[in-house]
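Just data.cif here, mmCIF, C-alpha atoms and all ligand atoms:
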data_entry
loop_
_atom_site.label_atom_id
_atom_site.label_comp_id
_atom_site.auth_asym_id
_atom_site.auth_seq_id
_atom_site.Cartn_x
_atom_site.Cartn_y
_atom_site.Cartn_z
CA MET A 288 107.79 123.90 29.73
CA GLU A 289 108.79 127.09 31.49
CA SER A 290 107.74 126.68 35.09
CA SER A 291 106.63 130.32 35.16
CA ALA A 292 104.41 129.80 32.11
CA ARG A 293 100.64 129.95 32.35
CA ARG A 294 98.95 126.74 31.32
CA ALA A 295 95.44 125.37 31.18
CA TYR A 296 94.74 121.69 31.82
CA CYS A 297 91.28 120.86 30.50
CA GLY A 298 89.16 117.79 31.29
CA HIS A 299 86.90 116.56 34.07
CA VAL A 300 88.53 117.98 37.20
CA LEU A 301 88.00 116.22 40.54
CA HIS A 302 89.34 116.80 44.03
CA SER A 303 88.27 116.55 47.67
CA ARG A 304 86.86 119.67 49.28
CA ASN A 305 86.51 117.98 52.66
CA LYS A 306 86.24 114.41 53.86
CA ASP A 307 82.65 114.09 52.70
CA THR A 308 82.77 115.91 49.38
CA ILE A 309 84.50 115.22 46.10
CA VAL A 310 84.05 118.24 43.86
CA ALA A 311 83.69 117.34 40.18
CA ARG A 312 83.91 120.02 37.49
CA GLU A 313 82.98 118.53 34.12
CA ASN A 314 84.74 119.89 31.04
CA ALA A 315 86.59 122.46 33.12
CA CYS A 316 90.07 124.01 32.93
CA VAL A 317 92.62 124.27 35.71
CA ILE A 318 94.64 127.43 35.16
CA VAL A 319 98.17 126.94 36.47
CA GLU A 320 100.84 129.60 36.94
CA SER A 321 104.42 128.85 37.98
CA GLY A 322 103.34 125.33 38.89
CA LEU A 323 100.57 126.50 41.22
CA VAL A 324 96.82 126.32 40.70
CA ARG A 325 95.36 129.74 40.04
CA GLU A 326 91.71 128.86 39.48
CA ILE A 327 89.35 126.34 37.95
CA LEU A 328 87.20 127.75 35.15
CA ASP A 329 84.23 126.35 33.25
CA ARG A 330 85.82 127.35 29.96
CA LEU A 331 89.10 128.68 28.62
CA PRO A 332 89.48 132.45 28.92
CA GLU A 333 89.17 134.36 25.62
CA GLY A 334 92.42 134.46 23.74
CA PHE A 335 94.20 131.86 25.89
CA PRO A 336 97.18 130.76 23.76
CA PRO A 337 96.37 127.33 22.27
CA GLU A 338 99.97 126.15 22.69
CA ALA A 339 99.56 126.57 26.47
CA VAL A 340 96.52 124.27 26.64
CA VAL A 341 96.84 120.64 27.70
CA ASP A 342 93.64 119.14 26.35
CA CYS A 343 92.76 115.98 28.29
CA SER A 344 89.30 115.97 26.63
CA ASP A 345 87.10 113.27 28.23
CA ARG A 346 89.71 112.16 30.78
CA LEU A 347 89.74 112.75 34.53
CA ILE A 348 92.22 115.17 36.12
CA ILE A 349 92.79 114.30 39.78
CA PRO A 350 95.38 115.19 42.44
CA GLY A 351 98.43 112.91 42.64
CA PHE A 352 98.26 110.32 45.40
CA CYS A 353 100.03 110.73 48.76
CA ASP A 354 101.59 107.61 50.34
CA LEU A 355 102.44 108.51 53.93
CA HIS A 356 103.94 105.19 54.92
CA THR A 357 106.02 102.85 52.83
CA HIS A 358 109.48 101.20 52.97
CA ALA A 359 111.83 101.93 50.06
CA PRO A 360 114.24 98.97 50.62
CA GLN A 361 111.33 96.57 51.00
CA PHE A 362 110.50 97.22 47.34
CA LEU A 363 112.67 94.10 46.94
CA GLN A 364 110.68 91.82 49.22
CA ARG A 365 107.13 92.45 48.10
CA GLY A 366 105.01 89.32 48.19
CA LEU A 367 107.42 87.28 50.31
CA GLY A 368 106.72 85.67 53.68
CA MET A 369 103.14 86.83 53.68
CA ASP A 370 102.08 83.82 55.76
CA LEU A 371 104.29 84.90 58.70
CA PRO A 372 103.31 87.01 61.72
CA LEU A 373 104.88 90.47 61.92
CA LEU A 374 107.85 89.86 64.20
CA ASP A 375 108.91 86.63 62.40
CA TRP A 376 108.50 88.33 59.04
CA LEU A 377 110.80 91.15 60.21
CA ASN A 378 113.50 88.68 61.29
CA VAL A 379 113.27 86.29 58.36
CA HIS A 380 112.77 88.67 55.44
CA THR A 381 113.01 92.31 56.35
CA TYR A 382 116.22 92.73 58.31
CA PRO A 383 118.32 90.68 55.84
CA THR A 384 116.80 92.61 52.91
CA GLU A 385 117.56 95.94 54.55
CA ALA A 386 121.08 94.93 55.65
CA ALA A 387 122.07 94.61 51.97
CA PHE A 388 121.67 98.39 51.57
CA ALA A 389 125.10 98.80 53.15
CA ASP A 390 126.16 98.63 49.49
CA PRO A 391 125.55 102.07 47.92
CA ALA A 392 125.43 100.66 44.37
CA HIS A 393 122.64 98.31 45.41
CA ALA A 394 120.81 101.18 47.12
CA ARG A 395 121.07 103.35 44.02
CA ALA A 396 119.77 100.60 41.73
CA ILE A 397 116.81 99.68 43.92
CA TYR A 398 115.87 103.22 44.96
CA THR A 399 115.80 104.32 41.34
CA ARG A 400 113.36 101.52 40.53
CA PHE A 401 111.34 102.35 43.65
CA ALA A 402 111.00 106.03 42.70
CA ASP A 403 109.97 105.16 39.16
CA GLU A 404 107.38 102.71 40.42
CA LEU A 405 105.92 105.31 42.80
CA LEU A 406 105.46 107.67 39.88
CA ARG A 407 104.07 104.97 37.65
CA GLN A 408 101.42 104.22 40.28
CA GLY A 409 100.51 107.90 40.56
CA THR A 410 102.11 108.62 43.94
CA LEU A 411 103.58 112.13 43.83
CA ALA A 412 104.17 112.65 47.57
CA VAL A 413 105.67 110.00 49.84
CA CYS A 414 107.11 109.19 53.27
CA PRO A 415 109.44 106.24 52.73
CA PHE A 416 111.23 104.36 55.49
CA PRO A 417 114.92 103.95 54.60
CA THR A 418 117.52 101.64 56.23
CA LEU A 419 120.08 102.20 58.99
CA HIS A 420 122.74 103.21 56.47
CA GLU A 421 123.54 106.89 56.21
CA GLU A 422 124.88 106.70 52.66
CA ALA A 423 121.93 104.68 51.34
CA SER A 424 119.52 107.08 53.06
CA ASP A 425 121.32 109.91 51.37
CA ILE A 426 120.90 108.18 48.02
CA LEU A 427 117.18 107.72 48.66
CA PHE A 428 116.78 111.40 49.55
CA CYS A 429 118.60 112.53 46.40
CA THR A 430 116.86 110.03 44.10
CA LEU A 431 113.43 111.26 45.18
CA ALA A 432 114.57 114.86 44.77
CA GLU A 433 115.91 114.15 41.26
CA ARG A 434 112.53 112.74 40.27
CA GLY A 435 110.78 115.85 41.63
CA LEU A 436 108.71 113.94 44.17
CA TYR A 437 107.47 115.52 47.37
CA ALA A 438 108.82 113.54 50.34
CA PHE A 439 109.86 113.42 53.96
CA CYS A 440 112.90 111.22 54.10
CA GLY A 441 115.31 110.35 56.91
CA LYS A 442 117.75 107.77 58.22
CA LEU A 443 116.38 104.78 60.14
CA ASN A 444 117.22 104.25 63.82
CA MET A 445 117.40 101.00 65.78
CA ASP A 446 119.73 100.25 68.68
CA ARG A 447 118.22 97.02 70.03
CA ASN A 448 116.47 93.83 68.96
CA GLY A 449 118.05 93.81 65.51
CA PRO A 450 120.19 90.92 64.27
CA PRO A 451 124.00 91.14 64.40
CA GLY A 452 125.02 93.20 61.39
CA TYR A 453 121.78 95.17 61.28
CA ILE A 454 121.81 97.25 64.40
CA GLU A 455 123.71 100.34 65.55
CA THR A 456 124.93 101.66 68.87
CA THR A 457 122.93 104.42 70.49
CA ALA A 458 125.76 106.92 70.04
CA ALA A 459 126.32 106.04 66.37
CA SER A 460 122.59 106.23 65.67
CA VAL A 461 122.28 109.72 67.17
CA ALA A 462 125.48 111.01 65.56
CA SER A 463 124.59 109.78 62.12
CA THR A 464 121.04 111.16 62.38
CA ALA A 465 122.41 114.59 63.34
CA ARG A 466 124.82 114.44 60.39
CA PHE A 467 121.96 113.48 58.07
CA LEU A 468 119.91 116.45 59.28
CA ASP A 469 122.88 118.78 58.83
CA THR A 470 123.47 117.51 55.30
CA HIS A 471 119.83 117.85 54.25
CA PRO A 472 118.36 121.15 55.37
CA GLY A 473 115.51 120.35 52.96
CA SER A 474 114.63 123.49 51.10
CA GLY A 475 113.09 121.66 48.12
CA ASN A 476 110.23 119.20 47.76
CA VAL A 477 112.17 116.54 49.69
CA ARG A 478 112.66 117.39 53.34
CA PRO A 479 114.29 115.49 56.20
CA CYS A 480 112.60 113.73 59.11
CA ILE A 481 113.50 111.40 61.96
CA VAL A 482 112.68 107.71 61.64
CA PRO A 483 112.82 105.56 64.79
CA ARG A 484 111.74 102.14 63.45
CA PHE A 485 109.39 101.35 66.38
CA THR A 486 109.73 101.29 70.12
CA LEU A 487 110.72 97.59 70.16
CA THR A 488 113.95 98.43 68.34
CA CYS A 489 114.79 101.71 70.11
CA THR A 490 115.95 102.15 73.70
CA ASP A 491 114.60 104.95 75.87
CA THR A 492 118.01 106.62 75.65
CA LEU A 493 117.86 106.67 71.85
CA LEU A 494 114.23 107.84 71.76
CA GLU A 495 115.03 110.67 74.12
CA ALA A 496 118.01 111.80 72.05
CA LEU A 497 115.94 111.65 68.86
CA GLY A 498 113.25 113.74 70.54
CA GLY A 499 115.96 116.32 71.23
CA LEU A 500 117.03 116.30 67.57
CA ALA A 501 113.41 116.62 66.38
CA ALA A 502 113.01 119.75 68.49
CA ARG A 503 116.43 121.19 67.59
CA TYR A 504 115.96 120.74 63.83
CA GLY A 505 112.18 121.24 63.86
CA VAL A 506 111.57 118.16 61.71
CA PRO A 507 108.74 115.61 61.64
CA VAL A 508 108.98 112.12 63.11
CA HIS A 509 107.90 108.98 61.24
CA SER A 510 107.36 105.65 63.02
CA HIS A 511 105.06 102.66 63.60
CA VAL A 512 102.66 102.30 66.52
CA SER A 513 100.11 99.67 67.57
CA GLU A 514 100.37 97.57 64.44
CA SER A 515 99.49 94.11 65.72
CA ILE A 516 98.42 92.37 68.90
CA GLU A 517 101.75 90.53 69.29
CA GLU A 518 103.69 93.79 68.85
CA ILE A 519 101.50 95.65 71.36
CA GLU A 520 102.10 92.92 73.94
CA ALA A 521 105.85 93.04 73.37
CA VAL A 522 105.82 96.85 73.73
CA ARG A 523 103.84 96.57 76.96
CA ALA A 524 106.46 94.19 78.37
CA LEU A 525 109.31 96.57 77.44
CA PHE A 526 107.55 99.77 78.58
CA PRO A 527 105.36 98.64 81.51
CA HIS A 528 104.83 102.22 82.78
CA ASP A 529 103.46 103.67 79.55
CA PRO A 530 99.69 103.31 79.11
CA ASN A 531 99.84 102.93 75.31
CA GLY A 532 102.31 102.98 72.42
CA LEU A 533 101.74 106.58 71.39
CA SER A 534 102.45 107.90 74.88
CA ILE A 535 106.01 106.50 74.64
CA PHE A 536 106.63 108.76 71.66
CA ARG A 537 104.98 111.72 73.40
CA ARG A 538 107.07 111.19 76.54
CA HIS A 539 110.22 111.50 74.43
CA GLY A 540 109.08 114.53 72.41
CA LEU A 541 108.57 112.42 69.30
CA ALA A 542 104.85 113.19 69.05
CA GLY A 543 103.13 116.44 69.89
CA ARG A 544 106.03 118.84 69.34
CA THR A 545 106.78 118.52 65.64
CA PRO A 546 104.47 116.78 63.15
CA ALA A 547 104.37 113.02 63.60
CA ILE A 548 103.51 110.39 61.01
CA MET A 549 102.39 107.27 62.84
CA ALA A 550 101.69 104.16 60.79
CA HIS A 551 98.83 101.88 61.85
CA CYS A 552 97.30 103.04 65.19
CA ILE A 553 95.04 100.02 64.88
CA PHE A 554 93.90 99.68 68.49
CA PRO A 555 93.51 103.22 69.89
CA ASP A 556 92.42 103.44 73.53
CA GLU A 557 90.62 106.59 74.70
CA GLU A 558 93.79 108.46 75.49
CA THR A 559 95.31 107.60 72.10
CA SER A 560 92.17 108.80 70.31
CA ARG A 561 92.36 112.07 72.25
CA MET A 562 96.04 112.51 71.37
CA LEU A 563 95.32 111.79 67.69
CA ALA A 564 92.52 114.35 67.66
CA SER A 565 94.44 117.09 69.44
CA MET A 566 98.07 116.75 68.32
CA ASP A 567 99.81 117.28 64.99
CA ILE A 568 99.76 113.59 64.04
CA TRP A 569 98.92 111.87 60.77
CA ALA A 570 97.67 108.37 61.64
CA VAL A 571 98.35 106.27 58.55
CA HIS A 572 96.04 103.46 57.57
CA CYS A 573 97.79 100.74 55.56
CA PRO A 574 94.95 98.32 54.83
CA GLU A 575 96.80 95.82 52.69
CA ALA A 576 99.67 95.47 55.16
CA THR A 577 97.25 95.09 58.07
CA ALA A 578 95.59 92.16 56.31
CA ASN A 579 98.85 90.55 55.16
CA ILE A 580 100.53 90.49 58.54
CA ALA A 581 97.33 89.41 60.29
CA ALA A 582 97.38 92.31 62.73
CA GLY A 583 94.41 90.96 64.68
CA GLY A 584 92.31 94.04 63.95
CA ILE A 585 91.55 96.78 61.43
CA MET A 586 92.07 100.50 62.07
CA PRO A 587 88.76 102.05 63.23
CA VAL A 588 88.84 104.62 60.45
CA LYS A 589 85.27 105.82 60.78
CA GLN A 590 85.60 106.23 64.53
CA LEU A 591 88.88 108.13 64.27
CA LEU A 592 87.52 110.42 61.55
CA ALA A 593 84.51 111.14 63.76
CA SER A 594 86.79 112.00 66.68
CA GLY A 595 88.73 114.53 64.58
CA ALA A 596 91.95 112.60 63.94
CA THR A 597 93.96 113.38 60.81
CA LEU A 598 94.13 110.21 58.73
CA ALA A 599 96.13 109.32 55.64
CA LEU A 600 96.88 106.21 53.59
CA GLY A 601 100.03 104.15 53.15
CA SER A 602 101.04 101.27 50.89
CA ASP A 603 103.49 99.95 53.52
CA ILE A 604 105.37 97.72 51.11
CA GLY A 605 106.73 95.05 51.71
CA SER A 606 104.08 94.08 54.28
CA GLY A 607 101.80 95.64 51.67
CA SER A 608 102.56 94.28 48.22
CA ARG A 609 101.31 97.07 45.94
CA LEU A 610 102.44 100.69 45.77
CA SER A 611 99.07 101.79 44.39
CA ILE A 612 97.23 104.26 46.64
CA ALA A 613 94.21 103.90 44.32
CA SER A 614 94.00 100.30 45.44
CA ALA A 615 94.57 101.34 49.09
CA ILE A 616 91.54 103.63 48.73
CA ALA A 617 89.43 100.70 47.56
CA ALA A 618 90.84 98.48 50.33
CA THR A 619 89.99 101.11 52.95
CA VAL A 620 86.31 100.93 52.04
CA ARG A 621 86.41 97.14 51.67
CA HIS A 622 88.14 96.51 55.00
CA SER A 623 85.82 98.87 56.84
CA LYS A 624 82.95 96.68 55.67
CA LEU A 625 84.66 93.62 57.09
CA ARG A 626 85.27 95.45 60.35
CA ARG A 627 81.60 96.25 60.50
CA ILE A 628 80.83 92.57 60.92
CA LEU A 629 82.40 92.85 64.38
CA PHE A 630 81.45 96.47 65.13
CA PRO A 631 78.05 97.08 63.49
CA GLU A 632 77.66 100.36 65.37
CA TRP A 633 80.19 101.97 63.01
CA ASP A 634 79.25 102.63 59.38
CA ALA A 635 81.55 101.63 56.56
CA VAL A 636 83.98 104.25 55.25
CA THR A 637 82.67 106.07 52.16
CA PHE A 638 84.59 106.35 48.92
CA ALA A 639 84.81 110.13 49.43
CA GLU A 640 86.44 109.63 52.86
CA ALA A 641 88.96 107.11 51.54
CA PHE A 642 89.84 109.34 48.54
CA TRP A 643 90.30 112.27 50.92
CA MET A 644 92.74 110.23 53.01
CA GLY A 645 94.78 109.27 49.94
CA THR A 646 94.97 112.81 48.55
CA ARG A 647 94.07 115.96 50.45
CA SER A 648 94.37 114.77 54.04
CA GLY A 649 97.74 113.09 53.48
CA GLY A 650 98.86 115.92 51.22
CA ARG A 651 98.54 118.51 54.00
CA LEU A 652 101.65 117.06 55.60
CA PHE A 653 103.61 118.45 52.64
CA GLY A 654 101.91 121.86 52.64
CA ASN A 655 99.53 122.96 49.90
CA VAL A 656 99.39 119.58 48.22
CA GLY A 657 96.61 117.07 47.46
CA ALA A 658 93.83 119.24 46.01
CA PHE A 659 93.38 121.97 43.40
CA GLU A 660 92.82 125.01 45.61
CA PRO A 661 94.17 128.39 44.45
CA GLY A 662 97.86 128.63 45.34
CA TRP A 663 98.28 124.87 45.79
CA ALA A 664 100.79 122.82 43.80
CA PHE A 665 99.39 121.45 40.56
CA ASN A 666 100.38 117.84 41.27
CA ALA A 667 98.01 115.90 39.09
CA LEU A 668 97.22 112.67 37.28
CA VAL A 669 95.33 112.27 34.04
CA ILE A 670 93.15 109.16 34.16
CA ASP A 671 91.93 107.45 31.00
CA ASP A 672 89.22 104.87 31.65
CA GLY A 673 88.69 104.08 27.98
CA ALA A 674 89.76 100.49 28.61
CA MET A 675 86.47 99.87 30.43
CA PRO A 676 83.19 99.93 28.51
CA MET A 677 80.93 102.83 29.47
CA PRO A 678 77.31 102.00 30.33
CA GLN A 679 74.80 103.49 27.89
CA ALA A 680 73.48 105.91 30.49
CA GLY A 681 77.02 107.06 31.17
CA LEU A 682 78.70 107.57 34.55
CA THR A 683 79.36 110.65 36.61
CA PRO A 684 83.01 111.72 36.98
CA VAL A 685 82.94 110.58 40.62
CA GLU A 686 81.67 107.14 39.59
CA ARG A 687 84.42 106.97 36.97
CA LEU A 688 86.97 107.86 39.64
CA GLU A 689 85.65 105.16 41.96
CA ARG A 690 85.78 102.64 39.12
CA PHE A 691 89.41 103.59 38.45
CA CYS A 692 90.34 102.97 42.10
CA TYR A 693 88.72 99.53 42.07
CA CYS A 694 89.37 98.29 38.53
CA GLY A 695 92.14 100.45 37.10
CA ASP A 696 95.89 100.17 37.17
CA ASP A 697 98.89 102.24 36.19
CA ARG A 698 98.05 101.85 32.49
CA TRP A 699 95.04 104.08 33.08
CA ILE A 700 97.33 106.88 34.29
CA ARG A 701 98.14 108.70 31.07
CA ALA A 702 100.14 111.59 32.53
CA ARG A 703 101.64 112.81 35.79
CA TYR A 704 102.38 116.44 36.63
CA ILE A 705 104.35 117.82 39.55
CA GLN A 706 104.05 121.60 39.88
CA GLY A 707 102.77 121.60 36.33
CA GLU A 708 105.77 119.74 34.90
CA GLU A 709 105.07 116.45 33.18
CA ILE A 710 107.07 113.61 34.75
CA ARG A 711 107.94 110.73 32.43
CA VAL A 712 108.25 107.23 33.85
CA GLN A 713 110.49 104.50 32.63
CA THR A 714 109.10 101.02 32.08
CA ALA A 715 109.32 98.52 34.94
CA PHE A 716 110.09 95.40 32.99
CA GLN A 717 112.60 94.92 30.22
CA ASP A 718 110.80 93.77 27.10
CA LYS A 719 112.08 90.24 27.05
CA PRO A 720 110.49 87.56 24.86
CA HIS A 721 108.65 84.99 26.95
CA THR A 722 110.18 82.14 24.98
CA GLN A 723 113.79 81.58 23.99
CA LYS A 724 114.55 81.51 20.29
CA PRO A 725 115.96 78.14 19.19
CA GLN A 726 119.73 78.42 18.71
N1 LIG B 1 107.35 97.51 62.48
C1 LIG B 1 108.66 97.77 62.57
N2 LIG B 1 109.29 97.67 61.40
C2 LIG B 1 108.35 97.33 60.52
C3 LIG B 1 108.37 97.06 59.12
O1 LIG B 1 109.40 97.13 58.44
N3 LIG B 1 107.18 96.75 58.55
C4 LIG B 1 106.03 96.68 59.26
N4 LIG B 1 104.91 96.36 58.64
N5 LIG B 1 106.00 96.90 60.56
C5 LIG B 1 107.13 97.22 61.19
FE FE B 2 105.69 99.87 57.89
#

In structure tokens, what does this structure look like?
Ligand code: GUN
Ligand code: FE
Amino acid sequence: MESSARRAYCGHVLHSRNKDTIVARENACVIVESGLVREILDRLPEGFPPEAVVDCSDRLIIPGFCDLHTHAPQFLQRGLGMDLPLLDWLNVHTYPTEAAFADPAHARAIYTRFADELLRQGTLAVCPFPTLHEEASDILFCTLAERGLYAFCGKLNMDRNGPPGYIETTAASVASTARFLDTHPGSGNVRPCIVPRFTLTCTDTLLEALGGLAARYGVPVHSHVSESIEEIEAVRALFPHDPNGLSIFRRHGLAGRTPAIMAHCIFPDEETSRMLASMDIWAVHCPEATANIAAGGIMPVKQLLASGATLALGSDIGSGSRLSIASAIAATVRHSKLRRILFPEWDAVTFAEAFWMGTRSGGRLFGNVGAFEPGWAFNALVIDDGAMPMPQAGLTPVERLERFCYCGDDRWIRARYIQGEEIRVQTAFQDKPHTQKPQ
């Protein structure tokens, strides 16, 4: 399709207007020009050329999902070591897995599979953690760009507390990050960012230098903060003069100057809540990872939304095991109900709030992404729930959307569009027979 062409995508159109409202337009048409939404109409305009109509009939048309925190190399280690606490899991599984990305051929093979799996699961905008390796990070950046995904993508930094063979010197870390930023000015959908792993693996000297690069290049920063009780205690021992994890980033210019993407923020004190509400920070809730690594708490989503923080969702594989943001939406509601057992003063998160986090709220990091407003990118999924029986009285489009997030999977996603272009996904598994033929 010509990207400048005018197209109409017709079906039941749903998107978040704000955190409390999912707008549903039944049997409507999204008119798209040059990949951008122009308007949503109740019917096709007179004389609209039939060859420019994508008729999704009774299916749902929703914005593509936005995954603001995941780990591309950890695609390989999903579902492993899930009975370990965070810091042991990093040492036993994660650092050895990531160290193998020194081999560019390995990086290319795994990152290609990772990008395809993102698309298959309906994620069209992503912030993936890479590894320390400049070449592999480059490959990740280019692979996501080739697929057309929206992304912020950098090179990982860690100059302490890594194992021998998976650590870098402060000087090498800074130099290679600067080179990465020079190589990737980021004029397309994939743009560069700075990725200090977390404060336990970065010295003050490195953090300060990275803060300088963030300001000089005007790029966002992506990191982890306050993910588990054991990690918070270790950070407190290393940074005894900082009142909380987020203030370490702020002190070094890694939060508050350019946009920051901070995974977890599970235990915000008053000052952290104030910073989240007043600074350009996306606090990313990764419910599955939080449960798997036994963080010792659950992000107070309802409380943070009430205080005005900007929240998004992340799959956080491999501490999460699934790349599906639809299932992260369901887990956000589910986990908030568990949290309520301990904190009954806070209501559970609504489905509308969780859907907002996984689409429009996360999408704002990338610009006009995550909803179907005029002038926004038409990044969309077509959802077919025909595999589930429909009750006789029928369901509203919002109920059908909720049911997809809880019960559906990638087979329900019948099409994916980025700026109006259909993106085809390859299959994940080779079709191998499950039994061997007798010789
Ligand atoms: N904190 C620092 N690195 C990591 C990581 O790779 N995964 C998770 N879940 N937390 C981290
Ligand atoms: Fe993570």

Query raised in the report: Which residue, A:Val685, A:Val620, A:Ala387, A:Ala412, has the smallest gap to Glu313 of chain A when you use only C-alpha atoms?
Result: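 When distances to Glu313 of chain A are compared using only C-alpha atoms, the smallest one comes from A:Val685.
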
Report task. Mind checking which residues fall within 9 Å of Ile454 of chain A, counting only C-alpha atoms, ignoring those fewer than 4 positions away in the same chain, and posting them as a list in words? Result -> Leu419, Asn444, Met445, Asp446, Arg447, Asn448, Gly449, Pro450 and Thr488 of chain A

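Ranking A:Leu406, A:Ile481, A:Ala394, A:Ala639 by their shortest atom-to-atom distance to Pro360 of chain A, with only C-alpha atoms included, puts A:Ala394 first.
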
Report task. Residues up to 9 Å from ligand LIG 1 (chain B), counting all atoms listed in the file: could you list those as an NGL selection string? Result -> :A and (357-358 or 361 or 373-374 or 376-377 or 381-382 or 416 or 484-488 or 510-512 or 514-515 or 518 or 550-551 or 573 or 576-577 or 580 or 603-607)

Can I get the selected residues back with C-alpha atoms, as a compact mmCIF listing (two decimals), in the frame of the given file?
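Result written to part-v2.txt:
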# COMPACT_ATOMS: atom_id res chain seq x y z
CA THR A 357 106.02 102.85 52.83
CA HIS A 358 109.48 101.20 52.97
CA GLN A 361 111.33 96.57 51.00
CA LEU A 373 104.88 90.47 61.92
CA LEU A 374 107.85 89.86 64.20
CA TRP A 376 108.50 88.33 59.04
CA LEU A 377 110.80 91.15 60.21
CA THR A 381 113.01 92.31 56.35
CA TYR A 382 116.22 92.73 58.31
CA PHE A 416 111.23 104.36 55.49
CA ARG A 484 111.74 102.14 63.45
CA PHE A 485 109.39 101.35 66.38
CA THR A 486 109.73 101.29 70.12
CA LEU A 487 110.72 97.59 70.16
CA THR A 488 113.95 98.43 68.34
CA SER A 510 107.36 105.65 63.02
CA HIS A 511 105.06 102.66 63.60
CA VAL A 512 102.66 102.30 66.52
CA GLU A 514 100.37 97.57 64.44
CA SER A 515 99.49 94.11 65.72
CA GLU A 518 103.69 93.79 68.85
CA ALA A 550 101.69 104.16 60.79
CA HIS A 551 98.83 101.88 61.85
CA CYS A 573 97.79 100.74 55.56
CA ALA A 576 99.67 95.47 55.16
CA THR A 577 97.25 95.09 58.07
CA ILE A 580 100.53 90.49 58.54
CA ASP A 603 103.49 99.95 53.52
CA ILE A 604 105.37 97.72 51.11
CA GLY A 605 106.73 95.05 51.71
CA SER A 606 104.08 94.08 54.28
CA GLY A 607 101.80 95.64 51.67

**Report entry** For Arg365 of chain A: contacts at 6 Å, only C-alpha atoms, fewer than 2 positions along chain excluded, given as a VMD selection string
**Finding:** chain A and resid 362 to 363 367 605 608

Requested in this report: List the neighbours of Thr399 of chain A out to 9 Å using all atoms listed in the file; skip same-chain residues closer than 5 positions along the sequence, and give me the result as a PyMOL selection string.
Outcome: chain A and resi 394+404+427+430-431

Box in all listed atoms of segment 357-373 of chain A, axis-aligned, with 8 Å more on each side; write out centre and edge lengths in Å to one decimal as lines of an AutoDock Vina configuration file.
center_x = 108.2
center_y = 93.3
center_z = 54.4
size_x = 28.2
size_y = 35.0
size_z = 31.0

Requested in this report: Compile the contact shell of segment 641-644 of chain A as a list in words: residues with an atom at most 7 Å away, counting all atoms listed in the file, same-chain residues fewer than 6 positions apart removed.
Outcome: Ser303, Lys306, Leu598, Ala599, Leu600, Ile616, Thr619 and Val620 of chain A

Please, could you write that set of residues out with C-alpha atoms as a PDB file, keeping the file's coordinate frame?
ATOM      1  CA  SER A 303      88.270 116.550  47.670  1.00  0.00           C
ATOM      2  CA  LYS A 306      86.240 114.410  53.860  1.00  0.00           C
ATOM      3  CA  LEU A 598      94.130 110.210  58.730  1.00  0.00           C
ATOM      4  CA  ALA A 599      96.130 109.320  55.640  1.00  0.00           C
ATOM      5  CA  LEU A 600      96.880 106.210  53.590  1.00  0.00           C
ATOM      6  CA  ILE A 616      91.540 103.630  48.730  1.00  0.00           C
ATOM      7  CA  THR A 619      89.990 101.110  52.950  1.00  0.00           C
ATOM      8  CA  VAL A 620      86.310 100.930  52.040  1.00  0.00           C
TER       9      VAL A 620
END

Query raised in the report: Please, what distance in Å, to one decimal, runs between atom CA of Cys480 of chain A and atom CA of Pro507 of chain A?
Result: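 Going from atom CA of Cys480 of chain A over to atom CA of Pro507 of chain A, I get 5.0 Å.
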
Report task. Find, counting only C-alpha atoms and all ligand atoms, the residue in A:Leu493, A:Leu355, A:Ala635, A:Leu411 that gets nearest to ligand FE 2 (chain B). Result ->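 Selected residue with least distance to ligand FE 2 (chain B): A:Leu355.
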
Query raised in the report: Counting all atoms listed in the file, which of A:His539, A:His393, A:His356, A:Arg478 gets nearest to ligand FE 2 (chain B)?
Result: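 The closest residue to ligand FE 2 (chain B) is A:His356.
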
Query raised in the report: Separation of atom CA of Leu625 of chain A and atom CA of Asn378 of chain A, in Å?
Result: 29.6 Å

Query - Shell around Ala617 of chain A at 9 Å using only C-alpha atoms, local window under 5 positions removed, as a ChimeraX atom specification - result: /A:612,622,638,641-642,689,692-693
